[in-house]
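*Asks:* The following block contains the structure, expressed as structure tokens.
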Amino acid sequence: MNAVIQTILIGIVIGALYGLVGLGFGLIMGVMKFVNIAHGSFIIIGGYIAYWVFTLWGVDPFLSIPAVMFVMFFMGLILYRLVLSPLLKYPRAEMRIDKSLLVTFGVTWILDNVVTMLWTSDTRSIVTAYTGTTFNVFGARLGLTGLIGLVIAVLVAVALQLLLTRTYFGKHVRAATEDSGAASLSGVNVQRTYLISCGIAAAMAGVAGVVIVSCYSIAPSMGLSWLLTAMVVIVLAGEGNIAYMLPAGLILGLIQAISTLFISCAYQQPISLIIFILVLMFKPNGLFARGR
Amino acid sequence: MRLSSPSILRSAFRDGVIMSLLEVENVSKHFGGVMAVNNVSLTLDQGEIVGLIGPNGAGKSTLFNLISGVIKPDTGAIRFETRDITPTAPDRVCQYGIARTFQLVRPFNQLSPLQNVMVGRVYGSAPAKTMKQARHESEEILSLTGLADKKVRMAGMLGLVDRKRLEIARALATRPKLLLLDEMMTGLNLTEMAAAIALIKGIRDSGITLIVVEHVMKVIMGISDRIIVLNVGEKIADGSPRKVANNRKVIEAYLGEKPLC
Amino acid sequence: MAHWKKLSILTLILALLAIVPLVMELGSNVMNVMVTLFIYIILAQSWNLIGGYTGQVNLGIVAFFGISAMVTHFLWKAGAPIYLAIPTGSLSSVVLAALIGLPTLRLRGMYFAVGTLALAQAAQTIVANIFTRSVSMPGSFSATYSLMPRYYLGLIMVVIAITVVYVITRTKIGLAMVAIRDDEQAAQVTGVRVFKYKVIAFLISGILAGLAGGLYAYVRLSFWQISIVFSPSWTFDALLAVVIGGAGTLAGPVIGSVFLVVISEIFANTLGQAHLILFGLLFILVVIYFPYGLIGSVDRIHQLITRVRK
Ligand SMILES: Nc1ncnc2c1ncn2[C@@H]1O[C@H](COP(=O)(O)OP(=O)(O)O)[C@@H](O)[C@H]1O
Ligand SMILES: [Mg+2]
């Protein structure tokens, strides 16, 4: 019984993180129909920044989140300005997707090499005074860092949802998502909306990176598997369904956690892949799509 | 653009017997909350030119997508000749003898005009036996559609009018029995329009049945044997051009737009 | 006329490549670079077939390279002659291509790209978990090691790869491939069975990548970890060569590979890992501003010149 509760707890904690990982990726894809292969690398870089700030100045990783978000926001702006905005010249969505796949694959290549040069290819994690602290929840153990990560993921998801539904900016984002042509005719600055969305997406990747480096660990080569996680979450939630990212992440986290009861955890990634392909084949619009 | 040798366009199936070529039966399709096509039925006889009209968003292009198999209906059935093609993939539908053009032209931009047409000759119904034969026949089709002297490397370099012609050429190259033309004349000037009308009539004379979506009423009323009117996804009229033009529902649907004829 | 001109130039290049090492001592450095170049060209042509001609962005081509390299290595070590080991390696690539392609080629573009990327990554992880120790051929192999047979086998395989791509693009299959690349749906309503031709292109691409992998296993006798043959840098290099040279052309990947190998010979020693970053920047620039690669740019300049002359 305890083992079951433990598994569910692990699933929820990591699932919320998965939702967070999916958010930034889904935002860029939903709003501008670009695929950002570098999303995983952004996450890793966010984690390394927190790691750096921690080792150099001893700043608590969770307190460094605003700074990480700030830096990553600018990285997002740069990504948009230099790499993505030139692709807007392609009118057809398929062309944009293919081109953005290629260029952001190039960006990933650059970032991963830069990260390896700066921090070597070793695996890193942050160990603070409270890292080992755990609570007892119905006889199962819940780590403090995991709990903080869970809270942060939920906060970020809710904040993004509010931003998209309750603000002027959110209105612009939705207008640009539905029909960029019509939006710009009705006075929305589509370019600026794209730019800021990209910044926000990168900032959210950064937050995810901080949570990962505090609760788990990072290495330059891990960007790819986080990218895959983001992709699976998007597929589960249904493209453009920002509101369902967190639930989708939780479902994925729970499935993975439960699967470890039966299968070695070395095969988590293949399991994600199988889920990814099965969902795409049988529920191409996501688990939450109503009707057809 | 004169049809000097219509034999190349002649469809394989042709015996003069009047039978219904296409039957669309109670077909519906919705996108989210929008009923794009709502319980539409129609039949098409061999050798007709049917004009399909309706205000923007009426569901004309969606109906073409349904007939060509690009999307599947929520309910209803589509029969072509004796086959039920409701669940059939678009490539099969094409091989059975239905070809189409797209409202927003979509030639293969990086291929030459000749290659564009060859795709139809190689993969359509009654495909050419060899690449050499396909090339030869495709050249003929290009000259029939007035593209023989457009020697560009990539179709994307052609002007809009020529790209539209190329789409017709590619569709004809599949040797269709039924051809669906979606707003071919939008953006053409009067001379080009006259040429396009001649082409459409030539295609019909070679034995191909056509459904033509157009917004220019004069043109559509002039060339069609029969007019079908869609409005908000529903069929509101089906009959001779004269009857349809005087139909009360049709006039209401077009109220605020240009008067018919 | 132009056709004959091209053919005679090609024959000349080929003759030179075949004869020069026999009459001249090139030194192991140059020979090594040439063999590397051959591997790149074959792998680039493989990516060209699926990515350049068919328009399917395969970010996991290294999986086919890697499995063939691995199979070739182990078969060869087990005593099979190399001319049997490499084809068997390629065969394993085709099998893997079928396993990966059948589910992923039905997916839309971006899912295909990420799916292949992830599957290749999974392959690396699995292999790394299974073979944790370094592997190498027995000492007797390195004692008799010579670059000559590697050079000639590589040259033959390059000729095979280029011929395969040339022939395929001239057939009905090639026509379907480029139509699918330009507009999948338009191809479909013109009668092309899109999935079928994607699978065909994917499988042939798998064979070619397998040849490259087999050649690599023949050239390199020891690996501190066999899983490095699944390193994503192979995918990146193949993409880079194709995109820089000109995707969807026969000469593009060859030119791109030459460019890549020459540049990395120049910079790898002076810049170290930073030269990889340089490649990344170059790649992005080319994708954004020169969508038809070097070949396309040359073509465009040629057009401008002829226009000015007129
Ligand atoms: N792929 C689609 N997704 C969502 N809505 C669509 C799609 N295709 C068509 N529609 C909607 O269906 C309705 C009919 O569109 P359409 O068939 O293009 O009309 P028409 O060709 O008569 O102008 C419109 O409201 C349009 O917005
Ligand atoms: Mg329309």
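Within each chain, counting starts at residue 1; across the structure tokens, chains are named A, B, ... in the order shown, with ligands numbered 1 upward in that order.
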Run DSSP on the backbone and give me the residues of range 176-207 of chain B it puts in strand (DSSP E or B), as a ChimeraX atom specification.
*Replies:* /B:178-182
*Asks:* Give the residues of chain B that lie within 8 Å of chain C; count only C-alpha atoms, and format the answer as a PyMOL selection string.
*Replies:* chain B and resi 68+70+90-95+99-100+106-111+115-116+119-120+122-125+131+170-171+174
*Asks:* Give me, as an MDAnalysis selection string, the residues of chain A touching chain C, with the criterion being at most 6 Å (counting only C-alpha atoms).
*Replies:* chainID A and resid 103 106 110
*Asks:* Keeping all heavy atoms for every residue in the selection just given, could you write it to a file as a PDB file, in the first residue's frame?
*Replies:*
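Output file again26.pdb follows:
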```pdb
ATOM      1  N   VAL A 103      16.487  24.920 -38.362  1.00  0.00           N
ATOM      2  CA  VAL A 103      17.313  25.953 -37.723  1.00  0.00           C
ATOM      3  C   VAL A 103      17.429  25.720 -36.226  1.00  0.00           C
ATOM      4  O   VAL A 103      18.511  25.887 -35.665  1.00  0.00           O
ATOM      5  CB  VAL A 103      16.819  27.402 -37.960  1.00  0.00           C
ATOM      6  CG1 VAL A 103      17.135  27.851 -39.354  1.00  0.00           C
ATOM      7  CG2 VAL A 103      15.389  27.574 -37.638  1.00  0.00           C
ATOM      8  N   GLY A 106      19.961  23.322 -35.459  1.00  0.00           N
ATOM      9  CA  GLY A 106      21.263  23.985 -35.483  1.00  0.00           C
ATOM     10  C   GLY A 106      21.536  24.721 -34.178  1.00  0.00           C
ATOM     11  O   GLY A 106      22.642  24.658 -33.638  1.00  0.00           O
ATOM     12  N   ILE A 110      24.573  24.185 -31.404  1.00  0.00           N
ATOM     13  CA  ILE A 110      25.458  25.233 -30.882  1.00  0.00           C
ATOM     14  C   ILE A 110      25.376  25.271 -29.352  1.00  0.00           C
ATOM     15  O   ILE A 110      26.396  25.215 -28.662  1.00  0.00           O
ATOM     16  CB  ILE A 110      25.059  26.607 -31.449  1.00  0.00           C
ATOM     17  CG1 ILE A 110      25.319  26.638 -32.950  1.00  0.00           C
ATOM     18  CG2 ILE A 110      25.832  27.721 -30.753  1.00  0.00           C
ATOM     19  CD1 ILE A 110      24.836  27.898 -33.624  1.00  0.00           C
TER      20      ILE A 110
END
```
*Asks:* Could you pull out the residues sitting within 6 Å of ligand 1, using only C-alpha atoms and all ligand atoms, and write them as JSON, numbers by chain?
*Replies:* {"B": [31, 36, 56, 57, 58, 59, 60, 61, 62]}
*Asks:* Quick one: residues within 10 Å of range 74-77 of chain C, only C-alpha atoms, excluding same-chain residues fewer than 6 positions away - as a PyMOL selection string?
*Replies:* chain C and resi 68+83-86+88-89+135-138+141+217-218+221
*Asks:* Let me make sure I understand: among B:Met184, B:Leu147, B:Ile203, B:Ile236, which one has the smallest atom-to-atom distance to ligand 2 if we use only C-alpha atoms and all ligand atoms?
*Replies:* B:Met184
*Asks:* Identify every residue of chain B that has at least one atom within 10 Å of any atom of chain A, counting only C-alpha atoms, and report the result as a VMD selection string.
*Replies:* chain B and resid 30 to 32 74
*Asks:* Produce a file of the selected residues containing all heavy atoms, as a short mmCIF file (atom, residue, chain, number, x, y, z; two decimals), in the first residue's frame.
*Replies:*
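So result-v3.cif came out as:
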```cif
data_model
loop_
_atom_site.label_atom_id
_atom_site.label_comp_id
_atom_site.auth_asym_id
_atom_site.auth_seq_id
_atom_site.Cartn_x
_atom_site.Cartn_y
_atom_site.Cartn_z
N HIS B 30 -18.55 18.81 -39.73
CA HIS B 30 -18.40 20.01 -38.90
C HIS B 30 -16.97 20.19 -38.45
O HIS B 30 -16.20 19.23 -38.33
CB HIS B 30 -19.35 19.96 -37.70
CG HIS B 30 -18.87 19.06 -36.60
ND1 HIS B 30 -19.01 17.70 -36.61
CD2 HIS B 30 -18.20 19.35 -35.46
CE1 HIS B 30 -18.49 17.18 -35.53
NE2 HIS B 30 -17.97 18.15 -34.81
N PHE B 31 -16.60 21.46 -38.24
CA PHE B 31 -15.30 21.81 -37.65
C PHE B 31 -15.59 22.54 -36.36
O PHE B 31 -16.08 23.66 -36.40
CB PHE B 31 -14.50 22.73 -38.58
CG PHE B 31 -14.13 22.09 -39.88
CD1 PHE B 31 -14.77 22.46 -41.06
CD2 PHE B 31 -13.15 21.12 -39.94
CE1 PHE B 31 -14.42 21.89 -42.26
CE2 PHE B 31 -12.80 20.54 -41.14
CZ PHE B 31 -13.45 20.92 -42.30
N GLY B 32 -15.29 21.94 -35.24
CA GLY B 32 -15.65 22.55 -33.97
C GLY B 32 -17.14 22.79 -33.95
O GLY B 32 -17.92 21.88 -34.15
N ASP B 74 -18.65 13.36 -41.45
CA ASP B 74 -19.11 12.85 -40.16
C ASP B 74 -20.20 11.81 -40.39
O ASP B 74 -20.22 10.75 -39.76
CB ASP B 74 -19.68 13.97 -39.30
CG ASP B 74 -18.66 15.07 -39.06
OD1 ASP B 74 -17.47 14.76 -39.07
OD2 ASP B 74 -19.07 16.23 -38.87
#
```
*Asks:* Skipping near chain neighbours, those fewer than 5 positions away, what residues fall within 7 Å of range 55-69 of chain A using only C-alpha atoms, listed as a list of chain:residue names?
*Replies:*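 Final neighbour list, sorted by chain and number: A:Gly46, A:Ile49, A:Ala50, A:Ala203, A:Met204, A:Gly206, A:Val207, A:Val210, A:Ser214.
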*Asks:* Just how far from CA of Gly15 in chain A is CA of Gly249 in chain A, in Å to one decimal?
*Replies:*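 Calculated distance between CA of Gly249 in chain A and CA of Gly15 in chain A is 4.7 Å.
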*Asks:* Residues within 7 Å of range 124-126 of chain A, please, as a PyMOL selection string. Count only C-alpha atoms; anything in the same chain fewer than 4 positions from it doesn't count.
*Replies:* chain A and resi 51+213-214+216-219
*Asks:* Go ahead and write the residues just picked, all heavy atoms, as a tab-separated table (two decimals), in the first residue's frame.
*Replies:*
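Contents of out_38.tsv, freshly written:
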```tsv
chain	number	residue	atom	x	y	z
A	51	TYR	N	22.74	26.61	-11.24
A	51	TYR	CA	23.88	25.88	-10.68
A	51	TYR	C	25.06	26.82	-10.47
A	51	TYR	O	25.73	26.81	-9.43
A	51	TYR	CB	24.25	24.74	-11.62
A	51	TYR	CG	25.48	23.98	-11.20
A	51	TYR	CD1	25.41	23.03	-10.18
A	51	TYR	CD2	26.70	24.21	-11.81
A	51	TYR	CE1	26.54	22.34	-9.79
A	51	TYR	CE2	27.82	23.52	-11.43
A	51	TYR	CZ	27.75	22.59	-10.42
A	51	TYR	OH	28.86	21.91	-10.04
A	213	VAL	N	17.43	20.87	-11.86
A	213	VAL	CA	18.75	20.79	-11.25
A	213	VAL	C	18.66	20.70	-9.73
A	213	VAL	O	19.55	20.16	-9.07
A	213	VAL	CB	19.65	21.97	-11.70
A	213	VAL	CG1	19.28	23.26	-10.98
A	213	VAL	CG2	21.13	21.66	-11.47
A	214	SER	N	17.56	21.22	-9.14
A	214	SER	CA	17.42	21.14	-7.69
A	214	SER	C	16.89	19.78	-7.24
A	214	SER	O	17.27	19.28	-6.19
A	214	SER	CB	16.46	22.22	-7.19
A	214	SER	OG	16.71	23.43	-7.80
A	216	TYR	N	16.58	16.90	-9.38
A	216	TYR	CA	17.21	15.76	-10.04
A	216	TYR	C	18.62	16.18	-10.43
A	216	TYR	O	19.36	16.61	-9.57
A	216	TYR	CB	16.38	15.33	-11.25
A	216	TYR	CG	14.92	15.13	-10.89
A	216	TYR	CD1	14.00	16.16	-11.05
A	216	TYR	CD2	14.48	13.93	-10.35
A	216	TYR	CE1	12.67	15.99	-10.69
A	216	TYR	CE2	13.15	13.75	-9.98
A	216	TYR	CZ	12.25	14.78	-10.15
A	216	TYR	OH	10.95	14.62	-9.80
A	217	SER	N	18.97	16.09	-11.73
A	217	SER	CA	20.31	16.49	-12.13
A	217	SER	C	20.28	16.88	-13.60
A	217	SER	O	19.32	16.56	-14.31
A	217	SER	CB	21.29	15.34	-11.92
A	217	SER	OG	20.88	14.24	-12.71
A	218	ILE	N	21.32	17.57	-14.04
A	218	ILE	CA	21.38	17.94	-15.45
A	218	ILE	C	22.74	17.61	-16.04
A	218	ILE	O	23.75	17.52	-15.33
A	218	ILE	CB	21.11	19.45	-15.68
A	218	ILE	CG1	22.02	20.29	-14.80
A	218	ILE	CG2	19.67	19.78	-15.47
A	218	ILE	CD1	21.98	21.76	-15.14
A	219	ALA	N	22.76	17.44	-17.36
A	219	ALA	CA	23.99	17.27	-18.12
A	219	ALA	C	23.70	17.82	-19.51
A	219	ALA	O	22.54	17.85	-19.92
A	219	ALA	CB	24.38	15.79	-18.20
```
*Asks:* Could you name the residues that touch range 167-182 of chain A at 8 Å or less, counting only C-alpha atoms, but leaving out those on the same chain fewer than 6 positions away, as a list in words?
*Replies:* Gly30, Val31, Met32, Val188, Asn189, Val190, Thr193, Tyr194 and Ser197 of chain A
*Asks:* Among range 86-243 of chain A, which ones does DSSP place in alpha helix (DSSP H), written as a ChimeraX atom specification?
*Replies:* /A:93-119,144-166,168-178,180-185,190-215,223-237
*Asks:* Do a neighbour search on Thr86 in chain B at 9 Å with only C-alpha atoms, toss out local chain neighbours closer than 6 positions, and write the hits as a PyMOL selection string.
*Replies:* chain B and resi 66-67+69+72-73+76-79
*Asks:* Can I get the selected residues back with C-alpha atoms, as a PDB file, in the first residue's frame?
*Replies:*
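Saved result, part-v5.pdb, follows:
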```pdb
ATOM      1  CA  LEU B  66     -15.149  15.528 -49.012  1.00  0.00           C
ATOM      2  CA  ILE B  67     -15.654  14.296 -52.565  1.00  0.00           C
ATOM      3  CA  GLY B  69     -11.393  12.156 -49.986  1.00  0.00           C
ATOM      4  CA  LYS B  72     -14.002  12.267 -44.272  1.00  0.00           C
ATOM      5  CA  PRO B  73     -17.647  13.139 -43.663  1.00  0.00           C
ATOM      6  CA  GLY B  76     -23.508  10.353 -45.060  1.00  0.00           C
ATOM      7  CA  ALA B  77     -22.115   8.523 -48.057  1.00  0.00           C
ATOM      8  CA  ILE B  78     -20.456   9.364 -51.347  1.00  0.00           C
ATOM      9  CA  ARG B  79     -20.709   7.036 -54.332  1.00  0.00           C
TER      10      ARG B  79
END
```
*Asks:* Would you compute the distance between CA of Ala16 in chain A and CA of Ala140 in chain A? Give it in Å to one decimal.
*Replies:*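 Interatomic distance here is 18.4 Å.
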